[in-house]
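Note: the block below is target39.tsv and it holds TSV, C-alpha atoms.
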```tsv
chain	number	residue	atom	x	y	z
M	1	MET	CA	49.79	9.79	12.54
M	2	THR	CA	51.59	9.58	15.86
M	3	ASP	CA	50.24	8.34	19.16
M	4	HIS	CA	52.28	10.65	21.43
M	5	PRO	CA	49.64	12.34	23.61
M	6	ALA	CA	51.74	15.48	24.18
M	7	LEU	CA	51.76	16.44	20.52
M	8	ARG	CA	49.12	18.51	18.78
M	9	PRO	CA	46.36	16.23	17.51
M	10	VAL	CA	46.14	15.69	13.76
M	11	LEU	CA	42.39	15.20	13.91
M	12	ASP	CA	39.57	16.68	15.96
M	13	VAL	CA	36.53	14.40	16.25
M	14	VAL	CA	33.34	16.27	17.12
M	15	ILE	CA	30.32	14.28	18.32
M	16	VAL	CA	27.03	16.05	19.00
M	17	ASN	CA	25.00	14.08	21.52
M	18	TRP	CA	21.35	14.29	22.47
M	19	ASN	CA	20.18	11.39	24.63
M	20	GLY	CA	22.55	9.04	22.82
M	21	GLY	CA	22.77	6.59	25.71
M	22	ALA	CA	24.58	3.36	24.93
M	23	LEU	CA	25.11	4.45	21.31
M	24	LEU	CA	27.42	7.25	22.43
M	25	ARG	CA	29.41	4.94	24.67
M	26	ALA	CA	29.83	2.40	21.85
M	27	CYS	CA	30.96	5.17	19.51
M	28	LEU	CA	33.58	6.39	21.95
M	29	ALA	CA	34.77	2.84	22.59
M	30	SER	CA	35.36	2.41	18.86
M	31	LEU	CA	37.39	5.62	18.80
M	32	ALA	CA	39.45	4.44	21.76
M	33	ALA	CA	40.25	1.27	19.81
M	34	ALA	CA	41.15	3.11	16.61
M	35	GLN	CA	44.66	2.92	15.24
M	36	ASP	CA	46.78	5.88	16.40
M	37	ALA	CA	43.97	6.98	18.69
M	38	GLY	CA	46.47	9.02	20.71
M	39	SER	CA	46.72	11.60	17.94
M	40	VAL	CA	42.96	12.19	17.90
M	41	GLN	CA	41.20	14.70	20.14
M	42	VAL	CA	37.56	13.85	20.78
M	43	THR	CA	35.04	16.53	21.73
M	44	VAL	CA	31.49	15.66	22.76
M	45	VAL	CA	28.99	18.50	22.62
M	46	ASP	CA	25.95	17.52	24.65
M	47	ASN	CA	22.71	19.25	23.74
M	48	ALA	CA	21.00	19.13	27.14
M	49	SER	CA	20.57	15.35	27.33
M	50	THR	CA	18.31	14.03	30.06
M	51	ASP	CA	19.15	10.32	29.85
M	52	GLY	CA	22.48	10.38	31.70
M	53	SER	CA	24.30	9.50	28.49
M	54	ILE	CA	27.33	11.66	29.29
M	55	GLU	CA	27.96	9.83	32.56
M	56	THR	CA	30.51	7.00	32.87
M	57	LEU	CA	31.91	7.47	29.38
M	58	PRO	CA	34.74	5.16	28.29
M	59	ALA	CA	38.33	6.33	28.65
M	60	LEU	CA	40.24	7.65	25.63
M	61	PRO	CA	44.00	8.06	25.07
M	62	ARG	CA	43.54	11.83	25.26
M	63	PRO	CA	41.19	13.32	27.87
M	64	LEU	CA	37.72	13.74	26.45
M	65	ARG	CA	36.69	17.34	25.88
M	66	LEU	CA	33.07	17.75	27.00
M	67	ILE	CA	30.88	20.77	26.25
M	68	GLN	CA	27.51	20.75	28.01
M	69	ASN	CA	24.78	23.00	26.66
M	70	VAL	CA	21.90	23.94	28.94
M	71	ALA	CA	19.51	23.81	25.96
M	72	ASN	CA	19.36	21.87	22.70
M	73	LEU	CA	21.06	24.23	20.25
M	74	GLY	CA	20.63	21.95	17.26
M	75	PHE	CA	23.12	19.84	15.36
M	76	GLY	CA	24.79	22.46	13.16
M	77	ARG	CA	25.35	25.01	15.90
M	78	ALA	CA	26.70	22.36	18.28
M	79	CYS	CA	29.07	21.11	15.56
M	80	ASP	CA	30.38	24.65	15.17
M	81	GLN	CA	30.91	24.79	18.96
M	82	GLY	CA	32.89	21.58	18.97
M	83	ALA	CA	35.00	22.59	15.99
M	84	ALA	CA	35.87	25.94	17.59
M	85	ALA	CA	37.19	24.16	20.68
M	86	GLY	CA	39.98	22.40	18.74
M	87	ASP	CA	42.89	23.31	16.50
M	88	ALA	CA	43.76	20.14	14.56
M	89	PRO	CA	44.16	20.64	10.80
M	90	ALA	CA	41.24	18.31	10.07
M	91	ILE	CA	37.84	17.88	11.72
M	92	LEU	CA	35.63	14.79	11.68
M	93	PHE	CA	31.96	15.29	12.48
M	94	LEU	CA	30.76	11.92	13.70
M	95	ASN	CA	27.29	10.85	14.78
M	96	PRO	CA	26.94	9.10	18.15
M	97	ASP	CA	25.15	6.19	16.44
M	98	THR	CA	28.31	5.23	14.53
M	99	GLN	CA	31.21	2.94	15.32
M	100	VAL	CA	34.40	3.38	13.31
M	101	ALA	CA	36.56	0.51	12.07
M	102	PRO	CA	40.08	0.52	13.60
M	103	ASP	CA	41.70	1.99	10.47
M	104	ALA	CA	38.82	4.23	9.33
M	105	LEU	CA	40.20	7.51	10.69
M	106	GLY	CA	43.65	7.01	9.17
M	107	VAL	CA	42.29	5.92	5.79
M	108	ALA	CA	39.92	8.89	5.60
M	109	LEU	CA	42.58	11.37	6.73
M	110	ALA	CA	45.06	10.07	4.18
M	111	ALA	CA	42.47	10.56	1.43
M	112	LEU	CA	41.68	14.08	2.64
M	113	THR	CA	45.32	15.17	2.64
M	114	ALA	CA	46.43	13.38	-0.55
M	115	ASP	CA	45.18	16.22	-2.78
M	116	PRO	CA	45.02	19.85	-1.62
M	117	ARG	CA	41.80	20.34	-3.64
M	118	THR	CA	40.00	17.62	-1.70
M	119	GLY	CA	38.00	19.46	0.92
M	120	ILE	CA	35.65	16.86	2.38
M	121	VAL	CA	35.67	13.07	2.60
M	122	GLY	CA	33.10	10.59	3.83
M	123	ALA	CA	33.24	6.96	4.88
M	124	ARG	CA	31.48	3.85	3.61
M	125	LEU	CA	28.63	3.47	6.06
M	126	VAL	CA	27.34	-0.02	6.80
M	127	ASP	CA	24.20	-1.00	8.68
M	128	PRO	CA	24.19	-3.28	11.75
M	129	ASP	CA	24.00	-6.31	9.41
M	130	GLY	CA	27.09	-5.18	7.48
M	131	ARG	CA	25.26	-4.02	4.35
M	132	THR	CA	26.66	-0.93	2.65
M	133	ALA	CA	24.31	2.03	2.76
M	134	ARG	CA	23.75	4.19	-0.31
M	135	SER	CA	24.71	7.30	1.63
M	136	CYS	CA	26.22	9.64	-1.00
M	137	ALA	CA	23.89	12.03	-2.74
M	138	ARG	CA	23.39	14.46	-5.58
M	139	THR	CA	23.32	18.19	-5.11
M	140	PRO	CA	19.57	18.91	-5.15
M	141	SER	CA	18.20	20.91	-8.07
M	142	ALA	CA	15.06	22.99	-7.68
M	143	LEU	CA	13.05	20.58	-9.82
M	144	GLY	CA	14.50	17.60	-7.99
M	145	LEU	CA	13.51	18.99	-4.60
M	146	ILE	CA	9.95	19.63	-5.67
M	147	GLY	CA	9.66	16.37	-7.63
M	148	ARG	CA	10.82	14.22	-4.74
M	149	THR	CA	8.45	16.00	-2.36
M	150	LEU	CA	5.67	15.11	-4.79
M	151	ALA	CA	6.97	11.49	-4.69
M	152	LEU	CA	7.79	11.59	-8.42
M	153	ASP	CA	11.06	9.77	-7.73
M	154	ARG	CA	9.01	6.70	-6.81
M	155	LEU	CA	7.52	6.81	-10.30
M	156	GLY	CA	10.93	7.19	-11.93
M	157	LEU	CA	10.14	10.71	-13.14
M	158	VAL	CA	12.93	12.40	-11.16
M	159	ARG	CA	16.19	10.96	-9.91
M	160	PRO	CA	16.41	9.99	-6.25
M	161	HIS	CA	18.46	12.17	-3.92
M	162	PHE	CA	20.82	9.36	-2.92
M	163	LEU	CA	23.01	7.50	-5.43
M	164	LEU	CA	21.02	4.29	-5.16
M	165	GLU	CA	22.33	2.96	-8.48
M	166	TRP	CA	25.94	2.87	-7.23
M	167	ASP	CA	27.22	0.25	-4.78
M	168	HIS	CA	29.66	2.61	-2.99
M	169	ALA	CA	32.38	-0.02	-3.33
M	170	GLU	CA	35.11	2.27	-4.70
M	171	ASP	CA	36.54	5.71	-4.05
M	172	ARG	CA	35.13	8.48	-6.21
M	173	PRO	CA	34.19	12.17	-6.14
M	174	VAL	CA	30.55	12.79	-5.24
M	175	ASP	CA	28.35	15.82	-4.70
M	176	GLN	CA	27.62	15.08	-1.05
M	177	VAL	CA	28.60	12.72	1.74
M	178	MET	CA	26.42	12.12	4.77
M	179	GLY	CA	27.05	14.08	7.94
M	180	ALA	CA	27.16	10.90	10.03
M	181	PHE	CA	30.87	10.73	9.07
M	182	LEU	CA	32.07	13.95	7.45
M	183	MET	CA	35.75	14.90	7.56
M	184	ILE	CA	36.79	18.37	6.40
M	185	ARG	CA	39.92	20.50	6.31
M	186	ARG	CA	39.82	23.00	9.16
M	187	ASP	CA	40.92	25.91	7.01
M	188	LEU	CA	38.10	25.19	4.56
M	189	PHE	CA	35.56	24.83	7.37
M	190	GLN	CA	36.61	28.21	8.74
M	191	THR	CA	36.55	29.83	5.30
M	192	LEU	CA	33.00	28.58	4.77
M	193	GLY	CA	31.93	29.87	8.18
M	194	GLY	CA	31.14	26.38	9.47
M	195	PHE	CA	27.67	24.89	9.40
M	196	ASP	CA	24.79	27.26	8.82
M	197	PRO	CA	23.13	27.44	12.27
M	198	ARG	CA	19.72	28.02	10.70
M	199	PHE	CA	19.61	24.28	9.97
M	200	PHE	CA	18.63	22.92	13.38
M	201	VAL	CA	19.06	19.36	12.12
M	202	TYR	CA	19.02	17.75	8.63
M	203	TRP	CA	20.28	19.26	5.35
M	204	GLU	CA	23.18	21.04	7.05
M	205	ASP	CA	25.54	18.46	5.50
M	206	VAL	CA	23.98	18.96	2.04
M	207	ASP	CA	24.47	22.71	2.42
M	208	LEU	CA	28.08	22.42	3.61
M	209	CYS	CA	29.09	20.10	0.76
M	210	ALA	CA	27.41	22.36	-1.80
M	211	ARG	CA	29.31	25.38	-0.48
M	212	ALA	CA	32.61	23.46	-0.44
M	213	ARG	CA	32.18	22.46	-4.07
M	214	ALA	CA	31.20	26.01	-5.01
M	215	ALA	CA	34.48	27.13	-3.42
M	216	GLY	CA	36.40	24.84	-5.78
M	217	TYR	CA	36.99	21.83	-3.51
M	218	SER	CA	36.04	18.25	-4.23
M	219	VAL	CA	33.98	15.97	-2.00
M	220	ARG	CA	35.05	12.31	-2.01
M	221	HIS	CA	33.61	9.01	-0.87
M	222	VAL	CA	36.34	6.79	0.64
M	223	ALA	CA	35.26	3.16	0.45
M	224	GLY	CA	38.15	1.90	2.56
M	225	ALA	CA	37.10	3.97	5.56
M	226	VAL	CA	34.27	1.99	7.13
M	227	ALA	CA	31.88	2.99	9.90
M	228	ARG	CA	28.89	1.09	11.26
M	229	HIS	CA	25.86	3.37	11.30
M	230	VAL	CA	22.59	2.63	13.08
M	231	GLY	CA	20.72	5.52	11.46
M	232	GLN	CA	18.31	7.87	13.25
M	233	GLY	CA	19.77	6.53	16.46
M	234	THR	CA	18.60	9.45	18.59
M	235	THR	CA	15.99	11.28	16.49
M	236	ARG	CA	13.75	8.23	16.10
M	237	GLN	CA	12.49	8.90	19.62
M	238	VAL	CA	10.80	12.17	18.47
M	239	ARG	CA	9.09	11.26	15.20
M	240	ALA	CA	6.93	14.38	14.83
M	241	ARG	CA	9.83	16.76	15.40
M	242	ARG	CA	12.06	14.65	13.13
M	243	LEU	CA	9.62	15.08	10.22
M	244	PHE	CA	9.08	18.76	11.06
M	245	TYR	CA	12.80	19.54	11.06
M	246	PHE	CA	13.37	17.56	7.86
M	247	LEU	CA	10.69	19.48	5.98
M	248	ARG	CA	11.72	22.80	7.53
M	249	SER	CA	15.40	22.32	6.65
M	250	GLN	CA	14.52	21.23	3.11
M	251	ILE	CA	12.53	24.43	2.58
M	252	LEU	CA	15.38	26.47	4.08
M	253	TYR	CA	17.86	24.79	1.73
M	254	ALA	CA	15.59	25.43	-1.26
M	255	GLY	CA	15.30	29.12	-0.43
M	256	LYS	CA	18.99	29.55	0.26
M	257	HIS	CA	20.24	27.84	-2.91
M	258	HIS	CA	17.33	28.23	-5.37
M	259	GLY	CA	15.39	31.30	-4.28
M	260	ALA	CA	12.10	32.24	-2.65
M	261	ALA	CA	9.93	30.89	-5.48
M	262	THR	CA	11.37	27.40	-5.07
M	263	ALA	CA	10.94	27.60	-1.28
M	264	LEU	CA	7.28	28.56	-1.74
M	265	ALA	CA	6.70	25.77	-4.27
M	266	LEU	CA	8.34	23.27	-1.96
M	267	THR	CA	6.18	24.46	0.93
M	268	ALA	CA	3.07	23.92	-1.16
M	269	ALA	CA	4.27	20.47	-2.18
M	270	SER	CA	5.00	19.58	1.45
M	271	PHE	CA	1.48	20.43	2.60
M	272	GLY	CA	-0.27	19.39	-0.60
M	273	ALA	CA	1.47	16.08	-1.23
M	274	GLN	CA	4.07	14.99	1.30
M	275	VAL	CA	1.96	15.33	4.43
M	276	PRO	CA	-1.19	13.75	2.89
M	277	LEU	CA	0.87	10.90	1.44
M	278	ARG	CA	2.42	10.16	4.82
M	279	LEU	CA	-1.02	10.26	6.42
M	280	VAL	CA	-2.44	7.80	3.89
M	281	LEU	CA	0.49	5.43	4.40
M	282	ALA	CA	0.15	5.62	8.19
M	283	LEU	CA	-3.56	4.88	8.03
M	284	ALA	CA	-2.99	2.07	5.52
M	285	ARG	CA	-0.65	0.51	8.10
M	286	ARG	CA	-3.40	1.00	10.69
M	287	SER	CA	-1.13	3.18	12.77
M	288	PRO	CA	-3.18	6.05	14.20
M	289	GLY	CA	-0.25	7.02	16.39
M	290	GLU	CA	1.96	7.53	13.35
M	291	ALA	CA	-0.80	9.53	11.64
M	292	ALA	CA	-1.05	11.77	14.70
M	293	GLU	CA	2.71	12.36	14.57
M	294	VAL	CA	2.46	13.41	10.91
M	295	LEU	CA	-0.32	15.87	11.75
M	296	ARG	CA	1.69	17.25	14.65
M	297	ALA	CA	4.69	17.76	12.36
M	298	ALA	CA	2.45	19.63	9.90
M	299	VAL	CA	1.18	21.92	12.67
M	300	LEU	CA	4.76	22.65	13.77
M	301	LEU	CA	5.77	23.43	10.20
M	302	ALA	CA	2.81	25.75	9.68
M	303	ALA	CA	3.73	27.65	12.84
M	304	ALA	CA	7.35	28.00	11.68
M	305	LEU	CA	6.54	29.25	8.16
M	306	PRO	CA	6.34	33.03	8.84
M	307	GLY	CA	9.86	33.13	10.19
M	308	LEU	CA	11.20	30.60	7.70
M	309	LEU	CA	9.86	32.21	4.54
M	310	GLY	CA	10.35	35.71	5.88
M	311	ASP	CA	14.05	35.21	6.56
M	312	ALA	CA	15.72	37.96	4.55
M	313	ARG	CA	18.93	35.97	4.52
M	314	VAL	CA	17.42	32.91	2.87
M	315	ARG	CA	19.24	33.63	-0.42
M	316	THR	CA	22.57	34.22	1.29
M	317	ALA	CA	24.96	31.49	0.17
M	318	GLY	CA	27.42	32.00	3.00
```

What does the file become when written as C-alpha cells?
Amino acid sequence: MTDHPALRPVLDVVIVNWNGGALLRACLASLAAAQDAGSVQVTVVDNASTDGSIETLPALPRPLRLIQNVANLGFGRACDQGAAAGDAPAILFLNPDTQVAPDALGVALAALTADPRTGIVGARLVDPDGRTARSCARTPSALGLIGRTLALDRLGLVRPHFLLEWDHAEDRPVDQVMGAFLMIRRDLFQTLGGFDPRFFVYWEDVDLCARARAAGYSVRHVAGAVARHVGQGTTRQVRARRLFYFLRSQILYAGKHHGAATALALTAASFGAQVPLRLVLALARRSPGEAAEVLRAAVLLAAALPGLLGDARVRTAG
C-alpha cells in the first residue's frame, strides 16, 4: 500500500451511518490513524440521521466522500450506494461502532489478495474489554434456522449459528464473517450484484457470504486483523424495530435459500415460539417495557408478512 494521495486508492471503506454520533467519529479517527491511510478512500453513507452525527467529522488523509440520503434506505442498499461511488479493487464494509487497529486494513487486504480464490475476509472482532467475539458463523440450514427459532440450540439439539466452540485465534476458512468488518473483492461484489436490497438490515452479510461461496470463492477469518466492536451500537436505540427486522430478514433468507415451505415454517416458529419466549423472559425480568417492545415487533412482522411471503422473487439466489 502507498500513502500518495494522488494515486488510485487500493481500498474503499464504506460506512453506513444512522445516528452513529460519537461512535462514527471514533471509527473515522481510527481509520485516520491506520497505517497507509492515504491509500484508503472512505465513504460515509448517511441514512437520514437526525443526531448531527455527520457534522464536525475528523479529518482523513483523503477527503471524506459523504452521501446523504433523505430517508433511511436500509443497510444493504446504502452499502451498495457507497460501493458504487468508488473504484478501488477491494471494498471494506465497516460498521460505525467499530475501531480498527492501525495495521488491520493492511493485514486483511494482504489476506484477501494472497489467493485469487479468496473472495471475502473478516477481522477478529473484540469487545470494549478486549475479549474476542465469536463472530464467524455457519451457513444456516433449513433445520438449523427452524431449530434455533424454537430455541433448540439452547438445549443442545441443534448447533448454534455462531462458531462458539472456536476461539477465533487463528486464520481459517469459514462459512460467514460478520458484516461489521467485511472486505470483498470489487469484481466479485459486482458479479454477485452487491447486497440484496430486500434485506433492510440483518442477514444481508449471511446472504452475501453464501452467494460468494456458491460462486466458488472462499470466505476467511483473519485473526491478525483486529477491530474493536461495540455491537448494536446504533440499532439498540430502536429495540422493537431491531427485533422486527431480524425476524423479517431471517424469514426472507429462509425463503430465498431454502424455499417457501421453510419460510412458512420459520414464520410459524417465530410467532409460536420466539415471540412468546421473549415475552416470558421480559416478564421474568420484570420489564414491561421490554415486553411491550416484543409485542410491537410482532405486530410489525404480522403487517409485513403479506409482502414478505408473497414476494415472487424469494427463491431467486441472485

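The space separating atom CA of Gln41 of chain M from atom CA of Pro9 of chain M comes to 6.0 Å.
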
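Here the question is which of M:Cys27, M:Val280, M:Leu7, M:Leu73 gets nearest to Ala292 of chain M using only C-alpha atoms, and that residue is M:Val280.
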
Which residues come within 10 Å of Gly147 of chain M, counting all atoms listed in the file, excluding same-chain residues fewer than 5 positions away, as a list in words?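 Once the nearby chain positions are removed, what remains is Ser141, Ala142, Leu152, Asp153, Arg154, Leu157, Val158, Arg159, Pro160, Leu266 and Ala269 of chain M.
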
Using only C-alpha atoms for the distances, tell me which of M:Val222, M:Val294, M:Ala90, M:Ala263 is nearest to Ala104 of chain M. M:Val222

Could you tell me how far atom CA of Leu66 of chain M lies from atom CA of Ala110 of chain M, in Å and to one decimal?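 Rounded to one decimal, the two atoms are 26.9 Å apart.
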
Atom CA of Arg124 of chain M and atom CA of Phe162 of chain M are how many Å apart?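 Calculated distance between atom CA of Arg124 of chain M and atom CA of Phe162 of chain M is 13.7 Å.
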
Nearby residues (all atoms listed in the file) at most 9 Å from Leu301 of chain M, same-chain spacing under 6 positions excluded, as a PyMOL selection string: chain M and resi 244-245+247-248

If you count only C-alpha atoms, the residue of M:Gln274, M:Asn69, M:Thr191, M:Ser249 closest to Trp18 of chain M turns out to be M:Asn69

Check the smallest atom-to-atom distance from each of M:Met183, M:Arg172, M:Asp97, M:Leu300 to Val126 of chain M using only C-alpha atoms, then report the winner.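 Among the listed residues, the smallest separation from Val126 of chain M belongs to M:Asp97.
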
Could you list, as a PyMOL selection string, every residue within 9 Å of Ile54 of chain M, counting all atoms listed in the file and ignoring same-chain residues fewer than 3 positions away? chain M and resi 17+19-21+24-25+44+46+49+51+57+66

Using all atoms listed in the file, find the one residue out of M:Leu11, M:Ala227, M:Ala302, M:Ala88 that sits nearest to Ser30 of chain M.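 Using all atoms listed in the file, Ser30 of chain M sits closest to M:Ala227.
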